Every structure is written in C-alpha cells, then in structure tokens.
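Scroll down for the structure; my scribbles are underneath it.
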Amino acid sequence: MMHWPVIEKTAEAYRVAPHMRDYSAARAQFSWDAVARALPRMPDGGFNIAHLAVDRHADGPLAPHCALRFLARGAAPREYSYRDLRAAADRFAQTLSKLGIGRGDRVATLAGRIPELYIAALGTLKAGAVYLPLFSAFGPEPLETRLSLSGARTLVTTDVLYRRKVEAIRARLPALEHVLVVRTGSGPLPANTHDFAALAAEAPAGFATVATLPSDLALLHFTSGTTGKPKGVLHSHSAVVVHEATARYALDLHDADVYWCTADPGWVTGVSYGIIAPLVCGVTTIVDCEDFDVERWYAILAEESISVWYTAPTAIRMLMKAGLEAARARRYPALRLLASVGEPLNPEGVLWGLEAFGLPFHDNWWQTETGGIMIANYAAMDIRPGSMGKPVPGIDAAIVVREANGGVKPVDDPDQVGELALRSGWPSMFRGYLNEDERYRRCFAGDWYLSGDLAKRDADGYFWFIGRSDDVIKSSGHLISPFEVASALLSHAAVAQAGVIGVPDPIMGEAVKAFVELKPGNAADAALNKQLMGHARKLLGTAVAPREIAFIESLPRTRSGKIMRRLLKARELGTAEGDLSTLEGAE
Amino acid sequence: MNTPDVRPRLLKLLTDIAADVDPASVAAEAEFSDQFDFDSMDQLNFAIAVHREFGVEIPERDYRELRSLAGAERYLRRAAPQTP
C-alpha cells in the first residue's frame with residue numbers, strides 16, 4: 001500500500017493561499033464554538049441554515065452575486081443571484097405556510113437537479129420545517145418506505161416522476177397531504193396535486209425566516225442499514241457550523257470560487273455540499289442538470305471556469321476509462337482543488353488527477369450520520385494516495401476495539417485495524433434515528449460514536465479505510481441494504497428465497513448481485529431472469545435494483561434459517577470461506 | 001446494416017439492461033432517460049453491449065449518441081456503412 005509516492009505540497013504551488021496552511025497549528029487552536037460564534041445570528045437571535053445560506057447574503061454585498069447556475073442541454077443557463085434565490089425561497093416558504101406547513105413538519109423533494117428542488121430545500125428551512133431529499137432514481141418501493149416512515153406531509157416533485165413513481169403508492173401514504181408538481185411538459189396536472197409554479201405565482205413576496213434554535217431539526221436523510229428498514233438520520237440547524245468549517249478547510253472554498261459538486265441532491269453530499277455549504281460560503285455553484293457525459297463534464301470544467309470540484313470515485317473511474325486524451329483536449333486554468341467522496345478513492349484515481357489536470361484528488365470520509373466531512377486530505381497537507389487523510393480540526397478520530405463489557409478501547413498502535421470512531425459532540429453529529437432511539441444508542445459507546453467502518457491509522461496519523469463491519473452494500477458511493485433488495489425479489493411469485501451481496505465492480509465499487517432460489521415448478525431460464533430483473537427495477541429503481549441475478553439451487557443458511565451472505569460472497573470472490581461457525585451461526 | 005435488422009437487436013440489448021421496459025413502448029427519438037429510469041451505469045452498459053453485439057468500436061466521447069434508439073441506429077449506420 002505504501003509504495004504509492006507521497007504527493008508533496010509546497011507553498012509555491014498554491015495559486016490561492018489555502019485557508020489552512022498548517023494542519024497541526026490549525027488543530028491546536030481550533031474550536032467549534034469560535035466557528036459558531038463567527039456565524040451571524042438572526043436579529044431575533046435565531047439560528048437558521050437558510051438565513052446563513054441565503055438571507056444574510058441577499059441583505060449584503062453578495063445580493064447580486066450568482067449563487068446557483070443551472071446548465072441544461074438545449075437551454076440557456078439559468079442563474080439565480082443570492083437576491084433571486086431568497087425571493088424564490090420566500091415564495092416557497094409562503095406557499096408552505098398557506099398550506100399549513102410549518103415548524104417541525106417534514107417536506108420531501110423527489111426531483112432531478114432542477115432549480116425548484118433547491119428553492120424548495122431552502123424555503124423549507126426558512127419555514128422552520130425539516131427537509132427530506134429523496135433520490136430520483138429510487139423506485140416506488142423505497143419511496144413508499146421512506147415517505148411513510150418520515151410522515152412527510154408535503155412532497156415536491158415533477159409531473160413525470162409523480163406519474164412514474166408516486167401516483168400508484170399515493171393511497172398508501174395517508175400522511176402525505178400536499179403534492180406540489182413542477183410541470184415539465186404541457187400535459188394536464190395530475191389529479192390531487194398542486195401546480196408548483198401557480199402556487200409560487202400566487203404567493204406573497206417576502207417571508208420572515210423562522211427563528212429556529214441551533215438544536216431544532218433541519219434535515220432528514222435516509223440511509224440503509226443491514227435490516228430492510230432504512231434509518232432516518234436527523235440533523236439540526238447546528239450542522240451548518242460543520243458545513244461552513246469543512247467547506248473552508250477540506251474544500252478550501254474562497255469568495256471568488258466557482259464550485260461544482262457533482263453529487264445529486266437526493267443524497268446527503270448533494271444537500272450538505274451541493275446546496276448548504278457553498279451558499280453559506282457565498283460562492284457560485286454550478287449545477288449540471290444532465291446525466292454524466294465525459295465530454296460534457298470536461299466542457300463544464302473548462303468553460304464554466306470551475307475552481308473547486310467535488311466529485312466521486314465512480315465518476316472519476318468513468319473519466320479514467322475514457323482516457324487521458326479526452327481530459328487533455330481542454331485546458332483548465334481556473335481549476336485549483338479536486339476532492340472526492342462516497343467511498344475510498346483508489347490511489348490510481350488520486351494520481352490520475354495529477355496526470356489529467358496537474359492536480360491530485362483529495363479524498364475525504366464522512367457518513368450521513370456525521371453530517372459533514374470528518375476526515376480529509378487538505379490543500380496544504382501532503383497526500384498519501386489511498387488514505388482518507390486526517391481528522392478535520394475539531395474532530396477526534398480513533399481506531400477502537402470492542403471490549404467484553406460492551407465498551408470500546410482506543411488502540412494507539414499504528415496500523416492496527418479496528419473500528420473507526422469519533423468522539424461525540426461535534427455540531428453536525430446526528431441527533432437521532434427517526435423513531436428508533438435504541439438503534440441510535442447502539443451507535444455510541446462511552447464518548448465514542450462508532451462508524452461501522454473498519455480502518456487503521458498509520459504512525460503519522462493518516463487514516464486508511466479497510467471495509468465495512470457489516471453487510472451493507474456500497475454501490476456508486478450509496479449504501480444499499482441487501483434486505484431491501486431481497487424483499488423486493490421475494491414479492492415475485494416465482495421467488496422462494498433471495499440472498500443479496502455486493503460484488504466488486506470496476507466502476508461502481510460494488511454492484512448489487514442477487515442469488516435467487518426459485519419455488520418449485522419454475523424454470524431457471526433466461527426469460528425468468530429478465531422478468532425478475534424487470535420486477536426489481538420497477539419496484540426499487542435503478543439506484544437500488546440488482547445489476548445481476550443468479551439462480552441457485554439452495555442458498556446457504558445457518559441452522560436458524562438465516563441466509564449466509566458472507567458465504568455467498570466468499571464463493572463469488574473465490575476467497576476462503578473461513579470459520580463459518582463464528583460468522584453468522586452465532587446469532 | 002439497415003434499420004429493420006438493427007432495431008430489434010438494439011431493443012433486446014436495451015431490455016436486457018432495463019428489463020422493466022416494454023420494448024413496444026420505446027419511442028425512437030426520445031432519450032431513454034426521458035422515458036424511463038436509465039442511469040449512467042445503464043448508459044455505459046448499453047454502449048458496451050452495442051459494441052459487443054455489432055463489433056463496432058465506440059469511443060467514450062460517442063456514448064452520448066447512443067442515448068436513444070434512433071441515435072444508436074444512426075451511429076451504427078455511420079460506423080458501419082451498409083455492404084452488399
């Protein structure tokens with residue numbers, strides 16, 4: 001692992017002086033209280049993400065500055081200044097208020113990267129409500145589960161997505177009172193929905209942002225665990241303290257930056273670092289409304305003069321696949337910092353940045369639960385390719401081992417593998433799992449939040465990711481519950497049992513693969529395989545559905561009947577099956 | 001390669017990936033992702049499948065031309081001029 005050359009940073013190389021010039025010094029003098037104090041309160045003492053992201057800029061010199069610039073094929077770019085963004089978010093907050101939605105209510109979005117999603121997110125926060133993003137590539141089943149668990153009273157979506165994914169499940173979502181639809185075509189408004197644009201046009205201008213407390217809930221993100229039930233991760237307005245600090249330290253955002261976060265706002269990165277952090281920092285964010293496309297991405301980097309680019313290993317690997325020539329066909333004089341998140345970026349990817357752009361990728365690590373970047377590589381710190389870097393100032397990270405009494409013990413020996421843990425209490429630490437207090441408590445031992453990721457720390461303090469400590473699948477940077485996939489397959493009449501694992505994939509990191517045991521009387525043929533693939537895609541959507549299904553005579557089970565996913569995986573990978581009695585037999 | 005031969009083969013490749021799609025419902029000119037869920041990995045897998053099925057080299061920069069049925073047909077016509 002250590003044969004990859006260290007990428008050394010020298011002061012002469014900085015075109016813009018990094019916010020953090022000396023990691024150790026920054027760590028020594030850092031305090032979250034100081035960062036929080038530097039963020040202005042509302043005149044009445046309130047502390048609201050939307051005030052920090054939009055209102056205060058719209059009231060100041062940044063009012064005419066471009067906040068968001070949307071790029072869509074076949075259309076002129078759509079720009080929102082901080083003033084425009086506030087006006088639009090105000091109207092949405094007014095709309096919510098007219099519908100009787102306010103403090104503490106949950107407002108969901110299900111849309112691609114369209115302006116209305118950003119406006120709805122910010123307007124929701126202004127209204128003191130809790131924002132819940134749902135990924136547009138989810139199928140009806142994951143959507144129903146998440147909407148139902150969240151108790152969302154309001155959903156903002158498009159006519160196309162509503163018809164494709166929500167209409168059929170609507171009757172089973174009694175809490176969902178209002179659906180606001182962004183119309184993309186000339187078709188009629190779906191029954192039982194509101195026209196987003198019409199409501200915005202009717203809404204009065206201006207809105208007094210609700211004076212929330214730092215501890216009031218602001219965001220609800222669902223993430224997958226080992227069971228079928230997704231976890232609703234709750235964050236409060238205080239999370240913005242971490243968004244701001246990490247955007248400065250890990251992404252090195254400066255006032256004049258043009259920033260591009262390629263993460264979809266249906267997930268935590270796209271919300272925290274695609275909406276909140278850059279707006280709080282007052283920079284210009286580019287939003288590409290289109291799907292991934294090699295040429296298009298290079299054109300955006302060059303022509304939009306992107307200076308800071310935050311992307312993901314899956315995208316980087318797709319670009320690498322297209323070859324250096326495509327990257328080198330353009331010049332990127334504005335580009336200053338490249339960062340990556342979602343899953344560990346392999347060393348080849350880190351170094352490929354140097355070849356393609358003359359800049360390395362800065363990998364970082366965090367989770368939905370941590371609310372913001374926790375461990376990172378920094379502009380002014382040497383990179384050890386393949387390492388996630390060092391903890392953000394203000395964050396204490398440790399490698400811990402569990403003890404017999406249920407507690408944990410930090411290990412100080414370098415390179416010892418253990419569970420990655422963070423000392424609890426940072427401002428963006430999740431406040432709970434929705435309606436699951438026990439599950440929340442189980443994430444902590446003493447002072448430590450236990451991440452469920454296995455890692456090690458080298459003698460110089462760099463952290464290295466090893467793997468998950470559970471069976472959750474990580475595909476294209478997103479966690480997928482094997483149970484959720486298996487449940488969808490089991491709803492097909494021919495399926496008796498299903499075991500779902502992640503298999504290595506050169507682009508996605510892991511791809512979802514399902515092993516299916518059929519009920520008697522069904523032929524394990526290509527036609528049925530295709531039918532099952534279609535069934536799973538229809539229910540789960542492309543983000544969750546398996547990419548491959550294999551028929552199996554008999555799934556390996558423990559004596560109590562639990563499917564042994566690790567054995568399936570070991571067989572698939574051709575690795576040693578190990579001492580199975582201690583794996584899943586000991587449940 | 002003429003269109004009548006190519007289309008059913010393309011539809012087969014498409015529905016091997018997007019098995020939830022009824023081939024009869026696919027509009028030729030509209031992009032796949034505007035008609036049904038079809039993500040970047042699907043696009044990539046479709047391009048690879050077209051390359052394998054038709055033996056045509058498809059550099060990454062051309063993947064965008066394979067985003068609709070008609071686009072893929074046009075691409076194949078250009079890539080492999082019809083031979084007697």
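Ligands are numbered from 1 in the order shown, residues from 1 within each chain, and chains are lettered A, B, ... in the order they appear in the structure tokens.
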For the contact check between chain A and chain B, emit one row per residue of chain A within 10 Å, containing the shortest atom pair and the distance in Å rounded to one decimal, counting only C-alpha atoms, chain then rising number order, as a Markdown table.
| residue | atom | partner | partner_atom | distance |
| --- | --- | --- | --- | --- |
| A:Ser136 | CA | B:Asp37 | CA | 8.9 |
| A:Ala137 | CA | B:Asp37 | CA | 6.6 |
| A:Phe138 | CA | B:Asp37 | CA | 9.0 |
| A:Gly139 | CA | B:Asp37 | CA | 8.8 |
| A:Val160 | CA | B:Asp34 | CA | 8.9 |
| A:Leu161 | CA | B:Phe36 | CA | 9.6 |
| A:Arg164 | CA | B:Phe36 | CA | 8.2 |
| A:Asp291 | CA | B:Ser40 | CA | 6.5 |
| A:Phe292 | CA | B:Ser40 | CA | 6.0 |
| A:Asp293 | CA | B:Arg64 | CA | 6.9 |
| A:Val294 | CA | B:Arg61 | CA | 6.3 |
| A:Glu295 | CA | B:Arg61 | CA | 5.9 |
| A:Arg296 | CA | B:Arg61 | CA | 9.0 |
| A:Thr314 | CA | B:Met41 | CA | 9.6 |
| A:Ala315 | CA | B:Ser40 | CA | 9.4 |
| A:Met318 | CA | B:Leu44 | CA | 8.9 |
| A:Leu319 | CA | B:Glu60 | CA | 9.0 |
| A:Lys321 | CA | B:Glu60 | CA | 8.1 |
| A:Ala322 | CA | B:Glu60 | CA | 5.4 |
| A:Gly323 | CA | B:Glu60 | CA | 8.6 |
| A:Ala326 | CA | B:Arg61 | CA | 7.9 |
| A:Ser476 | CA | B:Met41 | CA | 9.4 |
| A:Ile507 | CA | B:Met41 | CA | 8.5 |
| A:Met508 | CA | B:Met41 | CA | 8.3 |
| A:Ala526 | CA | B:Asp16 | CA | 9.9 |
| A:Asn529 | CA | B:Ala19 | CA | 9.3 |
| A:Lys530 | CA | B:Ala19 | CA | 5.8 |
| A:Gln531 | CA | B:Ala19 | CA | 6.8 |
| A:Leu532 | CA | B:Ala19 | CA | 8.1 |
| A:Met533 | CA | B:Ala19 | CA | 5.7 |
| A:Gly534 | CA | B:Asp20 | CA | 3.7 |
| A:His535 | CA | B:Asp20 | CA | 6.3 |
| A:Ala536 | CA | B:Asp20 | CA | 8.0 |
| A:Arg537 | CA | B:Asp20 | CA | 6.0 |
| A:Lys538 | CA | B:Asp20 | CA | 5.7 |
| A:Leu539 | CA | B:Asp20 | CA | 9.3 |
| A:Gly541 | CA | B:Asp37 | CA | 7.0 |
| A:Thr542 | CA | B:Asp37 | CA | 6.5 |
| A:Ala543 | CA | B:Asp39 | CA | 8.1 |
| A:Arg547 | CA | B:Ile17 | CA | 8.1 |
| A:Glu548 | CA | B:Ile17 | CA | 9.6 |
Take the residues from that selection and write them out as a tab-separated table (two decimals), in the first residue's frame, keeping N, CA and C atoms.
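File result.tsv, as written:
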chain	number	residue	atom	x	y	z
A	136	SER	N	-34.05	10.63	-7.07
A	136	SER	CA	-35.00	10.46	-8.18
A	136	SER	C	-34.86	9.11	-8.87
A	137	ALA	N	-33.77	8.38	-8.62
A	137	ALA	CA	-33.64	7.05	-9.22
A	137	ALA	C	-34.15	5.95	-8.28
A	138	PHE	N	-34.78	6.32	-7.18
A	138	PHE	CA	-35.48	5.33	-6.37
A	138	PHE	C	-36.76	4.90	-7.08
A	139	GLY	N	-37.12	3.63	-6.92
A	139	GLY	CA	-38.40	3.16	-7.43
A	139	GLY	C	-39.48	3.36	-6.39
A	160	VAL	N	-43.56	14.14	-14.35
A	160	VAL	CA	-43.07	12.86	-14.88
A	160	VAL	C	-42.81	11.87	-13.73
A	161	LEU	N	-42.08	12.33	-12.73
A	161	LEU	CA	-41.74	11.42	-11.62
A	161	LEU	C	-42.99	11.06	-10.81
A	164	ARG	N	-44.74	8.37	-12.74
A	164	ARG	CA	-43.94	7.14	-12.83
A	164	ARG	C	-43.83	6.44	-11.48
A	291	ASP	N	-27.30	14.03	-17.18
A	291	ASP	CA	-26.59	12.84	-16.74
A	291	ASP	C	-25.11	12.95	-17.05
A	292	PHE	N	-24.36	12.06	-16.45
A	292	PHE	CA	-22.91	12.00	-16.68
A	292	PHE	C	-22.61	11.85	-18.17
A	293	ASP	N	-21.64	12.62	-18.63
A	293	ASP	CA	-21.17	12.51	-20.00
A	293	ASP	C	-19.75	13.06	-20.04
A	294	VAL	N	-18.82	12.25	-20.52
A	294	VAL	CA	-17.40	12.59	-20.44
A	294	VAL	C	-17.11	13.97	-21.04
A	295	GLU	N	-17.50	14.14	-22.30
A	295	GLU	CA	-17.20	15.39	-22.99
A	295	GLU	C	-17.87	16.58	-22.32
A	296	ARG	N	-19.11	16.35	-21.91
A	296	ARG	CA	-19.86	17.42	-21.27
A	296	ARG	C	-19.18	17.86	-19.97
A	314	THR	N	-16.83	6.89	-8.47
A	314	THR	CA	-17.46	6.27	-9.63
A	314	THR	C	-17.31	7.16	-10.86
A	315	ALA	N	-17.52	8.44	-10.69
A	315	ALA	CA	-17.38	9.37	-11.80
A	315	ALA	C	-15.92	9.45	-12.24
A	318	MET	N	-15.08	6.53	-14.30
A	318	MET	CA	-15.66	6.61	-15.65
A	318	MET	C	-14.81	7.54	-16.52
A	319	LEU	N	-14.33	8.63	-15.94
A	319	LEU	CA	-13.47	9.54	-16.69
A	319	LEU	C	-12.14	8.87	-17.04
A	321	LYS	N	-11.63	5.79	-17.51
A	321	LYS	CA	-11.90	4.80	-18.54
A	321	LYS	C	-11.87	5.44	-19.93
A	322	ALA	N	-12.31	6.69	-19.99
A	322	ALA	CA	-12.37	7.38	-21.28
A	322	ALA	C	-10.99	7.84	-21.74
A	323	GLY	N	-10.00	7.76	-20.87
A	323	GLY	CA	-8.63	8.05	-21.28
A	323	GLY	C	-8.18	9.47	-21.03
A	326	ALA	N	-8.93	12.58	-23.65
A	326	ALA	CA	-10.17	13.36	-23.56
A	326	ALA	C	-10.02	14.49	-22.54
A	476	SER	N	-21.68	2.78	-6.11
A	476	SER	CA	-21.57	4.18	-6.57
A	476	SER	C	-21.64	5.14	-5.38
A	507	ILE	N	-16.22	0.11	-11.87
A	507	ILE	CA	-16.70	1.49	-11.91
A	507	ILE	C	-17.44	1.86	-10.63
A	508	MET	N	-18.38	1.00	-10.23
A	508	MET	CA	-19.28	1.35	-9.12
A	508	MET	C	-18.72	1.01	-7.74
A	526	ALA	N	-33.41	-17.91	-18.89
A	526	ALA	CA	-33.09	-16.50	-19.17
A	526	ALA	C	-34.34	-15.62	-19.13
A	529	ASN	N	-35.17	-14.88	-15.60
A	529	ASN	CA	-34.14	-13.99	-15.06
A	529	ASN	C	-34.44	-12.54	-15.44
A	530	LYS	N	-34.78	-12.35	-16.70
A	530	LYS	CA	-35.08	-11.00	-17.20
A	530	LYS	C	-36.34	-10.46	-16.52
A	531	GLN	N	-37.29	-11.35	-16.34
A	531	GLN	CA	-38.53	-10.93	-15.68
A	531	GLN	C	-38.24	-10.45	-14.24
A	532	LEU	N	-37.37	-11.18	-13.57
A	532	LEU	CA	-37.03	-10.79	-12.18
A	532	LEU	C	-36.25	-9.48	-12.16
A	533	MET	N	-35.35	-9.32	-13.11
A	533	MET	CA	-34.60	-8.06	-13.19
A	533	MET	C	-35.57	-6.89	-13.40
A	534	GLY	N	-36.52	-7.11	-14.29
A	534	GLY	CA	-37.51	-6.06	-14.57
A	534	GLY	C	-38.37	-5.77	-13.35
A	535	HIS	N	-38.77	-6.81	-12.68
A	535	HIS	CA	-39.58	-6.69	-11.48
A	535	HIS	C	-38.84	-5.85	-10.44
A	536	ALA	N	-37.57	-6.18	-10.23
A	536	ALA	CA	-36.78	-5.47	-9.22
A	536	ALA	C	-36.56	-4.02	-9.61
A	537	ARG	N	-36.28	-3.78	-10.87
A	537	ARG	CA	-36.06	-2.39	-11.30
A	537	ARG	C	-37.32	-1.55	-11.17
A	538	LYS	N	-38.45	-2.18	-11.49
A	538	LYS	CA	-39.72	-1.45	-11.41
A	538	LYS	C	-40.00	-1.04	-9.97
A	539	LEU	N	-39.75	-1.95	-9.04
A	539	LEU	CA	-40.06	-1.64	-7.64
A	539	LEU	C	-38.99	-0.77	-6.98
A	541	GLY	N	-36.14	0.81	-8.50
A	541	GLY	CA	-35.46	1.86	-9.24
A	541	GLY	C	-34.02	1.48	-9.52
A	542	THR	N	-33.39	2.21	-10.42
A	542	THR	CA	-32.05	1.83	-10.87
A	542	THR	C	-31.01	1.98	-9.76
A	543	ALA	N	-31.26	2.84	-8.80
A	543	ALA	CA	-30.25	3.09	-7.76
A	543	ALA	C	-30.09	1.89	-6.83
A	547	ARG	N	-27.87	-5.51	-10.36
A	547	ARG	CA	-27.38	-5.44	-11.74
A	547	ARG	C	-27.25	-6.85	-12.30
A	548	GLU	N	-27.29	-7.84	-11.41
A	548	GLU	CA	-27.16	-9.22	-11.85
A	548	GLU	C	-27.95	-10.13	-10.93
### Query
Which of range 423-555 of chain A counts as alpha helix (DSSP H) under DSSP, as a PyMOL selection string please?
chain A and resi 437-441+482-490+526-540
### Task
Mind checking which residues fall within 8 Å of Leu351 in chain A, counting only C-alpha atoms, ignoring those fewer than 3 positions away in the same chain, and posting them as a list in words?
Pro347, Glu348, Leu354, Glu355, Pro360, Phe361 and Pro385 of chain A
Now that the selection is made, can you save its residues with C-alpha atoms as an mmCIF file, in the first residue's frame?
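This is the output file selection_11.cif:
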data_model
loop_
_atom_site.group_PDB
_atom_site.id
_atom_site.type_symbol
_atom_site.label_atom_id
_atom_site.label_comp_id
_atom_site.auth_asym_id
_atom_site.auth_seq_id
_atom_site.Cartn_x
_atom_site.Cartn_y
_atom_site.Cartn_z
ATOM 1 C CA PRO A 347 -4.561 5.522 -5.344
ATOM 2 C CA GLU A 348 -4.659 5.271 -9.141
ATOM 3 C CA LEU A 354 -2.287 14.799 -11.474
ATOM 4 C CA GLU A 355 -1.939 13.405 -14.964
ATOM 5 C CA PRO A 360 -4.369 15.386 -7.253
ATOM 6 C CA PHE A 361 -7.763 14.350 -5.930
ATOM 7 C CA PRO A 385 -2.683 8.179 -2.104
#
### Message
At a cut-off of 6 Å, using only C-alpha atoms, what residues contact range 28-42 of chain A? Leave out same-chain residues fewer than 4 positions from it and give the result as number ranges by chain.
### Response
A: 46-47, 241
Output the selection as a PDB file, in the first residue's frame - C-alpha atoms for each residue.
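That gives us result_35.pdb:
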ATOM      1  CA  GLY A  46     -32.491  32.705  15.726  1.00  0.00           C
ATOM      2  CA  PHE A  47     -30.055  30.335  14.062  1.00  0.00           C
ATOM      3  CA  VAL A 241     -21.263  25.029  11.646  1.00  0.00           C
TER       4      VAL A 241
END
### Query
Expressed in Å to a single decimal, how great is the separation between CA of Ile473 in chain A and CA of Ala445 in chain A?
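Going from CA of Ile473 in chain A over to CA of Ala445 in chain A covers 24.4 Å.
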### Query
How many Å lie between CA of Val350 in chain A and CA of His254 in chain A, rounded to one decimal?
22.8 Å
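Of note, CA of Thr262 in chain A and CA of Ser428 in chain A are spaced 21.8 Å apart.
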### Message
Neighbouring residues of range 518-520 of chain A were defined as those with any atom within 7 Å, considering only C-alpha atoms; residues of the same chain fewer than 3 positions away were excluded. Please report them as a ChimeraX atom specification.
### Response
/A:494-497
Write a file of the selected residues as a PDB file, in the first residue's frame, keeping C-alpha atoms.
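Output (again-v3.pdb):
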ATOM      1  CA  ALA A 494     -41.559 -17.381  -8.531  1.00  0.00           C
ATOM      2  CA  VAL A 495     -39.067 -16.484  -5.814  1.00  0.00           C
ATOM      3  CA  ALA A 496     -38.690 -18.645  -2.719  1.00  0.00           C
ATOM      4  CA  GLN A 497     -35.590 -17.023  -1.210  1.00  0.00           C
TER       5      GLN A 497
END
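Residues in contact with Ala27 in chain B at up to 12 Å, not including ones fewer than 2 positions away on its chain and judged by only C-alpha atoms, are Arg7, Leu11, Val21, Asp22, Pro23, Ala24, Ser25, Glu29, Ala30, Glu31, Phe32, Ser33, Asp34, Gln35, Phe36, Arg67, Ser68, Leu69, Ala70 and Gly71 of chain B.
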Keeping only N, CA and C atoms, write the selected residues to a file as a compact mmCIF listing (two decimals), in the first residue's frame.
# COMPACT_ATOMS: atom_id res chain seq x y z
N ARG B 7 -32.95 -2.55 -35.31
CA ARG B 7 -33.82 -2.14 -34.21
C ARG B 7 -34.16 -3.24 -33.22
N LEU B 11 -33.20 -3.21 -29.28
CA LEU B 11 -34.24 -3.31 -28.24
C LEU B 11 -33.96 -4.46 -27.29
N VAL B 21 -38.57 -2.43 -18.98
CA VAL B 21 -39.11 -1.64 -20.09
C VAL B 21 -39.78 -2.55 -21.13
N ASP B 22 -40.98 -2.17 -21.54
CA ASP B 22 -41.69 -2.88 -22.60
C ASP B 22 -41.13 -2.37 -23.93
N PRO B 23 -40.51 -3.28 -24.71
CA PRO B 23 -39.86 -2.80 -25.94
C PRO B 23 -40.82 -2.08 -26.88
N ALA B 24 -42.08 -2.47 -26.85
CA ALA B 24 -43.05 -1.85 -27.76
C ALA B 24 -43.31 -0.39 -27.40
N SER B 25 -42.97 -0.03 -26.16
CA SER B 25 -43.31 1.31 -25.71
C SER B 25 -42.17 2.32 -25.91
N GLU B 29 -37.04 8.41 -31.04
CA GLU B 29 -36.22 9.62 -30.98
C GLU B 29 -35.97 10.12 -29.55
N ALA B 30 -36.86 9.81 -28.63
CA ALA B 30 -36.71 10.34 -27.26
C ALA B 30 -35.56 9.62 -26.55
N GLU B 31 -34.82 10.36 -25.73
CA GLU B 31 -33.74 9.73 -24.98
C GLU B 31 -34.32 8.74 -23.99
N PHE B 32 -33.57 7.66 -23.77
CA PHE B 32 -34.04 6.63 -22.85
C PHE B 32 -34.41 7.23 -21.49
N SER B 33 -33.49 8.07 -20.97
CA SER B 33 -33.69 8.57 -19.60
C SER B 33 -34.88 9.53 -19.49
N ASP B 34 -35.38 10.01 -20.64
CA ASP B 34 -36.59 10.83 -20.59
C ASP B 34 -37.85 9.96 -20.60
N GLN B 35 -37.68 8.67 -20.89
CA GLN B 35 -38.85 7.80 -20.99
C GLN B 35 -38.99 6.85 -19.80
N PHE B 36 -37.86 6.45 -19.26
CA PHE B 36 -37.89 5.53 -18.12
C PHE B 36 -36.60 5.71 -17.34
N ARG B 67 -28.00 7.51 -26.81
CA ARG B 67 -28.96 7.74 -25.73
C ARG B 67 -30.41 7.53 -26.16
N SER B 68 -30.59 7.27 -27.45
CA SER B 68 -31.94 6.96 -27.92
C SER B 68 -31.81 5.86 -28.96
N LEU B 69 -32.90 5.23 -29.25
CA LEU B 69 -32.92 4.15 -30.23
C LEU B 69 -32.48 4.67 -31.59
N ALA B 70 -33.09 5.78 -32.00
CA ALA B 70 -32.78 6.33 -33.32
C ALA B 70 -31.34 6.82 -33.35
N GLY B 71 -30.86 7.37 -32.24
CA GLY B 71 -29.48 7.84 -32.17
C GLY B 71 -28.52 6.68 -32.37
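Proximity of B:Ala79, B:Glu73, B:Gly55, B:Asn45 to Pro8 in chain B, computed with only C-alpha atoms, is greatest for B:Glu73.
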### Task
Quick one: everything within 12 Å of Arg113 in chain A, counting only C-alpha atoms, minus sequence neighbours fewer than 4 positions away in the same chain. Send it as a ChimeraX atom specification.
/A:68-72,109,117-121,133-137,157-158,261-267,270-271,274-275,286-291
